[in-house]
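Written below as structure tokens is the structure these notes are about.
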Amino acid sequence: MEKRHQLLVIFLFLAAFFSSGRSQSYIGINYGQMADNLPPVSATAKLLESTTFGKVRLYGADPGIIQALAGTNISLVLGAANADIPSLAADPSAASRWVSANVAPFLPASSIAAISVGNEALNSSDPSLASNLLPAMQNLHSALSSAGSAAASIKVSTVHSMAVLSQSEPPSSGAFRSDLGPALAAILAFLRDTGSPFMINPYPYFAYRDDPRPETLAFCLFQPNPGRLDAGSKITYTNMFDAQVDAIHSALNAAGFPDVEIVVAETGWPYRGDPGEAGTTVDNAKAFNGNLVAHLRSMAGTPLMPGRPVETYIFALYDEDLKPGPTSERSFGLFRTDLTMIYDAGLSKSSPGPSQAHSTPPPPAGPAAAGQPCVPGTVAQASTGGGPIQCSLPSAVGSNAPHTMDLSYWFRFLVDRRLRSNGFIVSVTYRTLCFSFSFLFYATLSLLLI
């Protein structure tokens, strides 16, 4: 019996290792189309299948893209434009027509997880959108419920910017703007009642843009930094992403909706910008997205929501050359339109991870030395006596019990650390490792079944 238990542990370890090369449902990508040079949707579909993206968010409902991803393991978030909100709100039949045109023809071949009604509508220059947003969401939800079982399972939400918060620092004091209170409360009640997520766009890049100090950059890029103590929760945060997401969590708690799931609909970092745009470099973009992916794969969650990754959609798949504004607005893409990588953020199924040396996370440890952050796979807490930051795995007690940790994350780190500690880098191909572990995987499975 003990032997079987040991074999089962090995089996789970190997399964975790393989998961890093498959699509991951908690990591998605935004596919914007404000461009005149995008590749054919069939080529984009093949590109997406070569990555570990499990979901794709569209800003519309392009039938070509929806059809191209049919039969894949990639699910979609469709978008109803801000301009559609008034008609969807005023007429239930308009919502039914929208579903009949943009959803029903593609089910069940294509996987559609959710529909976002508008994008940052509550912060739009059109004040009428705020009052029309919830009725539009309700009408779309009713139309989906009447369109068959496959359509009825699709969630309906809307995407917000961080501007819906009146306060985000420290994270424990996160709160929604009072002028949006009534509209947001009704939307949150709808999300709770339908089991739909609260979708938001936190961008650490914009936090750095407003405070371009070296220590802020390290904090935003998941790189070594002294951390920031939240005096309310006594937690020391080691990265801006967790701080922003936990501020949203605190705002939901304060509003009386602690159980509404948070989905990060957009986050990213531009790899180039105008001369006055600080931090817009390839190295910074690679560090942010590569470390974000490692953080999500670690299954650490955030300090206030430990043990599970927040579903996150990176912005963006391609640059959008028709977007107005500064150069940075047209420079968030991970891939060029010729389908080559702008930089490697560790999202290809054939890539073990980003190769940037300074983005490699430190190992898990006990008490961290002063000024040293915790690894993305651990929770950082300040000691009550003002001592050094304490790093530990998320609590496994009570309601905060974590999901299975991503063991492959630690395996890859330990291999990388061991090789680097010998003073040289040994290049081991990912395919060779996969073959070796594939043999062990099936050998272990066979022993379990004996």
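Letters A, B, ... mark the chains of the structure tokens in the order given; residue numbers begin at 1 per chain; ligand numbers begin at 1, in order shown.
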
Residues of range 191-221 of chain A within 9 Å of range 232-239 of chain A: nearest atom pair and distance (Å, one decimal) for each, counting only C-alpha atoms, sorted by chain and number, as JSON lines?
```
{"residue": "A:Pro204", "atom": "CA", "partner": "A:Asn239", "partner_atom": "CA", "distance": 8.8}
{"residue": "A:Ala218", "atom": "CA", "partner": "A:Asn239", "partner_atom": "CA", "distance": 8.0}
{"residue": "A:Phe219", "atom": "CA", "partner": "A:Asn239", "partner_atom": "CA", "distance": 4.7}
{"residue": "A:Cys220", "atom": "CA", "partner": "A:Asn239", "partner_atom": "CA", "distance": 5.6}
{"residue": "A:Leu221", "atom": "CA", "partner": "A:Asn239", "partner_atom": "CA", "distance": 7.1}
```

DSSP on the backbone, then: every residue of range 180-245 of chain A marked alpha helix (DSSP H), written as a tab-separated table (two decimals) with all heavy atoms, in the first residue's frame.
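states_39.tsv written:
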```tsv
chain	number	residue	atom	x	y	z
A	181	GLY	N	-21.24	53.65	-7.17
A	181	GLY	CA	-21.79	52.69	-6.21
A	181	GLY	C	-23.07	52.01	-6.64
A	181	GLY	O	-23.13	50.76	-6.72
A	182	PRO	N	-24.14	52.77	-6.94
A	182	PRO	CA	-25.41	52.11	-7.30
A	182	PRO	C	-25.30	51.24	-8.55
A	182	PRO	O	-25.80	50.11	-8.58
A	182	PRO	CB	-26.35	53.30	-7.53
A	182	PRO	CG	-25.76	54.41	-6.73
A	182	PRO	CD	-24.29	54.23	-6.81
A	183	ALA	N	-24.64	51.75	-9.60
A	183	ALA	CA	-24.51	50.98	-10.85
A	183	ALA	C	-23.68	49.73	-10.62
A	183	ALA	O	-24.04	48.64	-11.08
A	183	ALA	CB	-23.89	51.84	-11.94
A	184	LEU	N	-22.57	49.87	-9.89
A	184	LEU	CA	-21.71	48.72	-9.65
A	184	LEU	C	-22.37	47.68	-8.75
A	184	LEU	O	-22.23	46.47	-8.97
A	184	LEU	CB	-20.39	49.17	-9.02
A	184	LEU	CG	-19.21	49.38	-9.97
A	184	LEU	CD1	-18.00	49.89	-9.21
A	184	LEU	CD2	-18.87	48.09	-10.71
A	185	ALA	N	-23.11	48.13	-7.74
A	185	ALA	CA	-23.76	47.19	-6.83
A	185	ALA	C	-24.75	46.31	-7.59
A	185	ALA	O	-24.81	45.09	-7.35
A	185	ALA	CB	-24.47	47.95	-5.71
A	186	ALA	N	-25.49	46.90	-8.50
A	186	ALA	CA	-26.46	46.12	-9.28
A	186	ALA	C	-25.75	45.14	-10.22
A	186	ALA	O	-26.19	43.99	-10.39
A	186	ALA	CB	-27.37	47.06	-10.07
A	187	ILE	N	-24.65	45.58	-10.82
A	187	ILE	CA	-23.88	44.70	-11.71
A	187	ILE	C	-23.27	43.56	-10.92
A	187	ILE	O	-23.30	42.40	-11.35
A	187	ILE	CB	-22.80	45.51	-12.45
A	187	ILE	CG1	-23.45	46.43	-13.49
A	187	ILE	CG2	-21.79	44.58	-13.13
A	187	ILE	CD1	-22.48	47.41	-14.13
A	188	LEU	N	-22.73	43.87	-9.75
A	188	LEU	CA	-22.12	42.83	-8.92
A	188	LEU	C	-23.15	41.81	-8.45
A	188	LEU	O	-22.86	40.61	-8.37
A	188	LEU	CB	-21.41	43.47	-7.73
A	188	LEU	CG	-20.13	44.23	-8.06
A	188	LEU	CD1	-19.63	45.01	-6.85
A	188	LEU	CD2	-19.05	43.29	-8.57
A	189	ALA	N	-24.36	42.26	-8.16
A	189	ALA	CA	-25.42	41.33	-7.77
A	189	ALA	C	-25.76	40.40	-8.93
A	189	ALA	O	-25.98	39.19	-8.74
A	189	ALA	CB	-26.65	42.10	-7.32
A	190	PHE	N	-25.77	40.94	-10.14
A	190	PHE	CA	-26.01	40.12	-11.33
A	190	PHE	C	-24.89	39.09	-11.51
A	190	PHE	O	-25.16	37.90	-11.79
A	190	PHE	CB	-26.10	41.02	-12.57
A	190	PHE	CG	-26.09	40.27	-13.88
A	190	PHE	CD1	-27.25	39.72	-14.40
A	190	PHE	CD2	-24.91	40.11	-14.60
A	190	PHE	CE1	-27.24	39.03	-15.60
A	190	PHE	CE2	-24.88	39.42	-15.80
A	190	PHE	CZ	-26.06	38.88	-16.30
A	191	LEU	N	-23.65	39.51	-11.35
A	191	LEU	CA	-22.52	38.58	-11.50
A	191	LEU	C	-22.60	37.48	-10.45
A	191	LEU	O	-22.37	36.30	-10.75
A	191	LEU	CB	-21.20	39.34	-11.38
A	191	LEU	CG	-20.92	40.42	-12.43
A	191	LEU	CD1	-19.58	41.09	-12.15
A	191	LEU	CD2	-20.94	39.85	-13.84
A	192	ARG	N	-22.92	37.84	-9.21
A	192	ARG	CA	-23.03	36.84	-8.15
A	192	ARG	C	-24.14	35.85	-8.46
A	192	ARG	O	-23.96	34.62	-8.33
A	192	ARG	CB	-23.30	37.53	-6.82
A	192	ARG	CG	-23.52	36.60	-5.63
A	192	ARG	CD	-24.21	37.32	-4.50
A	192	ARG	NE	-25.51	37.83	-4.92
A	192	ARG	CZ	-26.17	38.82	-4.30
A	192	ARG	NH1	-25.63	39.43	-3.26
A	192	ARG	NH2	-27.36	39.22	-4.76
A	193	ASP	N	-25.27	36.35	-8.88
A	193	ASP	CA	-26.44	35.48	-9.10
A	193	ASP	C	-26.27	34.56	-10.30
A	193	ASP	O	-26.87	33.48	-10.35
A	193	ASP	CB	-27.70	36.33	-9.28
A	193	ASP	CG	-28.06	37.11	-8.01
A	193	ASP	OD1	-27.55	36.76	-6.93
A	193	ASP	OD2	-28.84	38.09	-8.11
A	194	THR	N	-25.47	34.98	-11.28
A	194	THR	CA	-25.28	34.17	-12.49
A	194	THR	C	-23.96	33.41	-12.48
A	194	THR	O	-23.64	32.69	-13.43
A	194	THR	CB	-25.36	35.06	-13.75
A	194	THR	OG1	-24.33	36.05	-13.69
A	194	THR	CG2	-26.72	35.72	-13.87
A	204	PRO	N	0.34	47.01	-14.23
A	204	PRO	CA	1.49	47.53	-13.50
A	204	PRO	C	2.32	48.53	-14.31
A	204	PRO	O	2.94	49.43	-13.73
A	204	PRO	CB	2.30	46.26	-13.19
A	204	PRO	CG	1.24	45.20	-13.06
A	204	PRO	CD	0.25	45.53	-14.13
A	205	TYR	N	2.31	48.41	-15.63
A	205	TYR	CA	3.05	49.35	-16.46
A	205	TYR	C	2.59	50.78	-16.21
A	205	TYR	O	3.41	51.70	-16.10
A	205	TYR	CB	2.90	49.01	-17.95
A	205	TYR	CG	3.30	50.16	-18.84
A	205	TYR	CD1	4.64	50.56	-18.95
A	205	TYR	CD2	2.34	50.90	-19.55
A	205	TYR	CE1	5.00	51.64	-19.74
A	205	TYR	CE2	2.70	51.98	-20.33
A	205	TYR	CZ	4.03	52.35	-20.42
A	205	TYR	OH	4.39	53.43	-21.19
A	206	PHE	N	1.29	50.99	-16.11
A	206	PHE	CA	0.79	52.35	-15.91
A	206	PHE	C	1.16	52.86	-14.51
A	206	PHE	O	1.38	54.07	-14.33
A	206	PHE	CB	-0.72	52.40	-16.12
A	206	PHE	CG	-1.13	52.15	-17.55
A	206	PHE	CD1	-2.11	51.22	-17.86
A	206	PHE	CD2	-0.52	52.83	-18.59
A	206	PHE	CE1	-2.48	50.97	-19.17
A	206	PHE	CE2	-0.89	52.60	-19.91
A	206	PHE	CZ	-1.87	51.67	-20.21
A	207	ALA	N	1.25	51.96	-13.54
A	207	ALA	CA	1.69	52.36	-12.21
A	207	ALA	C	3.15	52.84	-12.26
A	207	ALA	O	3.52	53.84	-11.62
A	207	ALA	CB	1.55	51.21	-11.22
A	208	TYR	N	3.97	52.13	-13.04
A	208	TYR	CA	5.36	52.55	-13.19
A	208	TYR	C	5.45	53.85	-13.98
A	208	TYR	O	6.26	54.74	-13.65
A	208	TYR	CB	6.19	51.48	-13.89
A	208	TYR	CG	7.57	51.95	-14.25
A	208	TYR	CD1	8.52	52.23	-13.26
A	208	TYR	CD2	7.94	52.17	-15.58
A	208	TYR	CE1	9.78	52.71	-13.58
A	208	TYR	CE2	9.19	52.63	-15.91
A	208	TYR	CZ	10.11	52.91	-14.92
A	208	TYR	OH	11.35	53.38	-15.24
A	209	ARG	N	4.64	53.99	-15.01
A	209	ARG	CA	4.66	55.22	-15.81
A	209	ARG	C	4.38	56.45	-14.94
A	209	ARG	O	4.98	57.52	-15.14
A	209	ARG	CB	3.59	55.12	-16.91
A	209	ARG	CG	3.58	56.29	-17.88
A	209	ARG	CD	2.36	56.23	-18.78
A	209	ARG	NE	1.12	56.37	-18.02
A	209	ARG	CZ	-0.10	56.33	-18.56
A	209	ARG	NH1	-0.23	56.10	-19.87
A	209	ARG	NH2	-1.17	56.47	-17.81
A	210	ASP	N	3.51	56.29	-13.93
A	210	ASP	CA	3.18	57.41	-13.05
A	210	ASP	C	4.19	57.59	-11.92
A	210	ASP	O	4.16	58.60	-11.22
A	210	ASP	CB	1.78	57.18	-12.45
A	210	ASP	CG	0.69	57.20	-13.52
A	210	ASP	OD1	0.93	57.77	-14.60
A	210	ASP	OD2	-0.39	56.63	-13.26
A	214	PRO	N	13.46	53.44	-9.99
A	214	PRO	CA	14.00	52.08	-10.16
A	214	PRO	C	13.33	51.06	-9.26
A	214	PRO	O	13.07	49.93	-9.68
A	214	PRO	CB	15.49	52.25	-9.82
A	214	PRO	CG	15.78	53.68	-10.11
A	214	PRO	CD	14.54	54.43	-9.76
A	215	GLU	N	13.06	51.43	-8.00
A	215	GLU	CA	12.42	50.47	-7.10
A	215	GLU	C	10.99	50.14	-7.53
A	215	GLU	O	10.50	49.04	-7.30
A	215	GLU	CB	12.45	50.97	-5.66
A	215	GLU	CG	11.82	52.33	-5.44
A	215	GLU	CD	12.82	53.47	-5.50
A	215	GLU	OE1	13.77	53.40	-6.32
A	215	GLU	OE2	12.66	54.45	-4.73
A	216	THR	N	10.31	51.11	-8.16
A	216	THR	CA	8.97	50.85	-8.67
A	216	THR	C	9.03	49.90	-9.86
A	216	THR	O	8.20	49.01	-10.00
A	216	THR	CB	8.28	52.16	-9.08
A	216	THR	OG1	8.26	53.06	-7.97
A	216	THR	CG2	6.84	51.90	-9.53
A	217	LEU	N	10.03	50.07	-10.72
A	217	LEU	CA	10.18	49.19	-11.87
A	217	LEU	C	10.39	47.75	-11.43
A	217	LEU	O	9.74	46.83	-11.94
A	217	LEU	CB	11.35	49.65	-12.74
A	217	LEU	CG	11.61	48.82	-14.00
A	217	LEU	CD1	10.41	48.88	-14.94
A	217	LEU	CD2	12.87	49.29	-14.72
A	218	ALA	N	11.28	47.54	-10.47
A	218	ALA	CA	11.52	46.18	-9.97
A	218	ALA	C	10.25	45.59	-9.37
A	218	ALA	O	9.96	44.41	-9.56
A	218	ALA	CB	12.65	46.20	-8.93
A	219	PHE	N	9.51	46.39	-8.64
A	219	PHE	CA	8.26	45.93	-8.03
A	219	PHE	C	7.25	45.54	-9.10
A	219	PHE	O	6.52	44.56	-8.94
A	219	PHE	CB	7.71	47.06	-7.15
A	219	PHE	CG	6.52	46.69	-6.30
A	219	PHE	CD1	6.64	45.79	-5.26
A	219	PHE	CD2	5.28	47.25	-6.55
A	219	PHE	CE1	5.55	45.45	-4.46
A	219	PHE	CE2	4.18	46.93	-5.77
A	219	PHE	CZ	4.31	46.03	-4.73
A	220	CYS	N	7.21	46.28	-10.19
A	220	CYS	CA	6.26	46.00	-11.26
A	220	CYS	C	6.66	44.81	-12.12
A	220	CYS	O	5.80	44.17	-12.73
A	220	CYS	CB	6.08	47.23	-12.14
A	220	CYS	SG	5.21	48.61	-11.34
A	240	MET	N	3.60	44.35	-8.05
A	240	MET	CA	2.45	45.24	-8.26
A	240	MET	C	1.22	44.47	-8.72
A	240	MET	O	0.09	44.83	-8.37
A	240	MET	CB	2.82	46.31	-9.29
A	240	MET	CG	1.70	47.31	-9.57
A	240	MET	SD	1.27	48.32	-8.13
A	240	MET	CE	2.63	49.50	-8.14
A	241	PHE	N	1.40	43.41	-9.50
A	241	PHE	CA	0.25	42.65	-9.99
A	241	PHE	C	-0.58	42.13	-8.84
A	241	PHE	O	-1.80	42.31	-8.80
A	241	PHE	CB	0.73	41.51	-10.89
A	241	PHE	CG	-0.36	40.65	-11.45
A	241	PHE	CD1	-1.07	41.04	-12.57
A	241	PHE	CD2	-0.70	39.43	-10.86
A	241	PHE	CE1	-2.09	40.25	-13.10
A	241	PHE	CE2	-1.70	38.64	-11.37
A	241	PHE	CZ	-2.40	39.05	-12.50
A	242	ASP	N	0.06	41.46	-7.88
A	242	ASP	CA	-0.67	40.94	-6.72
A	242	ASP	C	-1.32	42.07	-5.94
A	242	ASP	O	-2.45	41.93	-5.45
A	242	ASP	CB	0.28	40.17	-5.80
A	242	ASP	CG	0.58	38.77	-6.30
A	242	ASP	OD1	-0.02	38.35	-7.31
A	242	ASP	OD2	1.43	38.09	-5.68
A	243	ALA	N	-0.61	43.19	-5.80
A	243	ALA	CA	-1.16	44.31	-5.05
A	243	ALA	C	-2.42	44.86	-5.72
A	243	ALA	O	-3.42	45.15	-5.05
A	243	ALA	CB	-0.11	45.41	-4.91
A	244	GLN	N	-2.40	44.99	-7.04
A	244	GLN	CA	-3.57	45.50	-7.75
A	244	GLN	C	-4.75	44.53	-7.68
A	244	GLN	O	-5.89	44.94	-7.44
A	244	GLN	CB	-3.20	45.80	-9.21
A	244	GLN	CG	-2.28	47.00	-9.36
A	244	GLN	CD	-1.93	47.29	-10.81
A	244	GLN	OE1	-1.83	46.39	-11.64
A	244	GLN	NE2	-1.73	48.56	-11.12
A	245	VAL	N	-4.47	43.24	-7.88
A	245	VAL	CA	-5.55	42.25	-7.83
A	245	VAL	C	-6.15	42.16	-6.43
A	245	VAL	O	-7.37	42.08	-6.27
A	245	VAL	CB	-5.05	40.88	-8.32
A	245	VAL	CG1	-6.12	39.81	-8.10
A	245	VAL	CG2	-4.67	40.94	-9.80
```

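Residues in contact with Ala121 in chain A at up to 7 Å, not including ones fewer than 3 positions away on its chain and judged by only C-alpha atoms, are Asn82, Gly118, Ser124, Leu129 and Ala130 of chain A.
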
Check the smallest atom-to-atom distance from each of A:Ser75, A:Glu311, A:Gly273, A:Ile65 to Gly325 in chain A using only C-alpha atoms, then report the winner.
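Nearest candidate to Gly325 in chain A out of A:Ser75, A:Glu311, A:Gly273, A:Ile65: A:Gly273.
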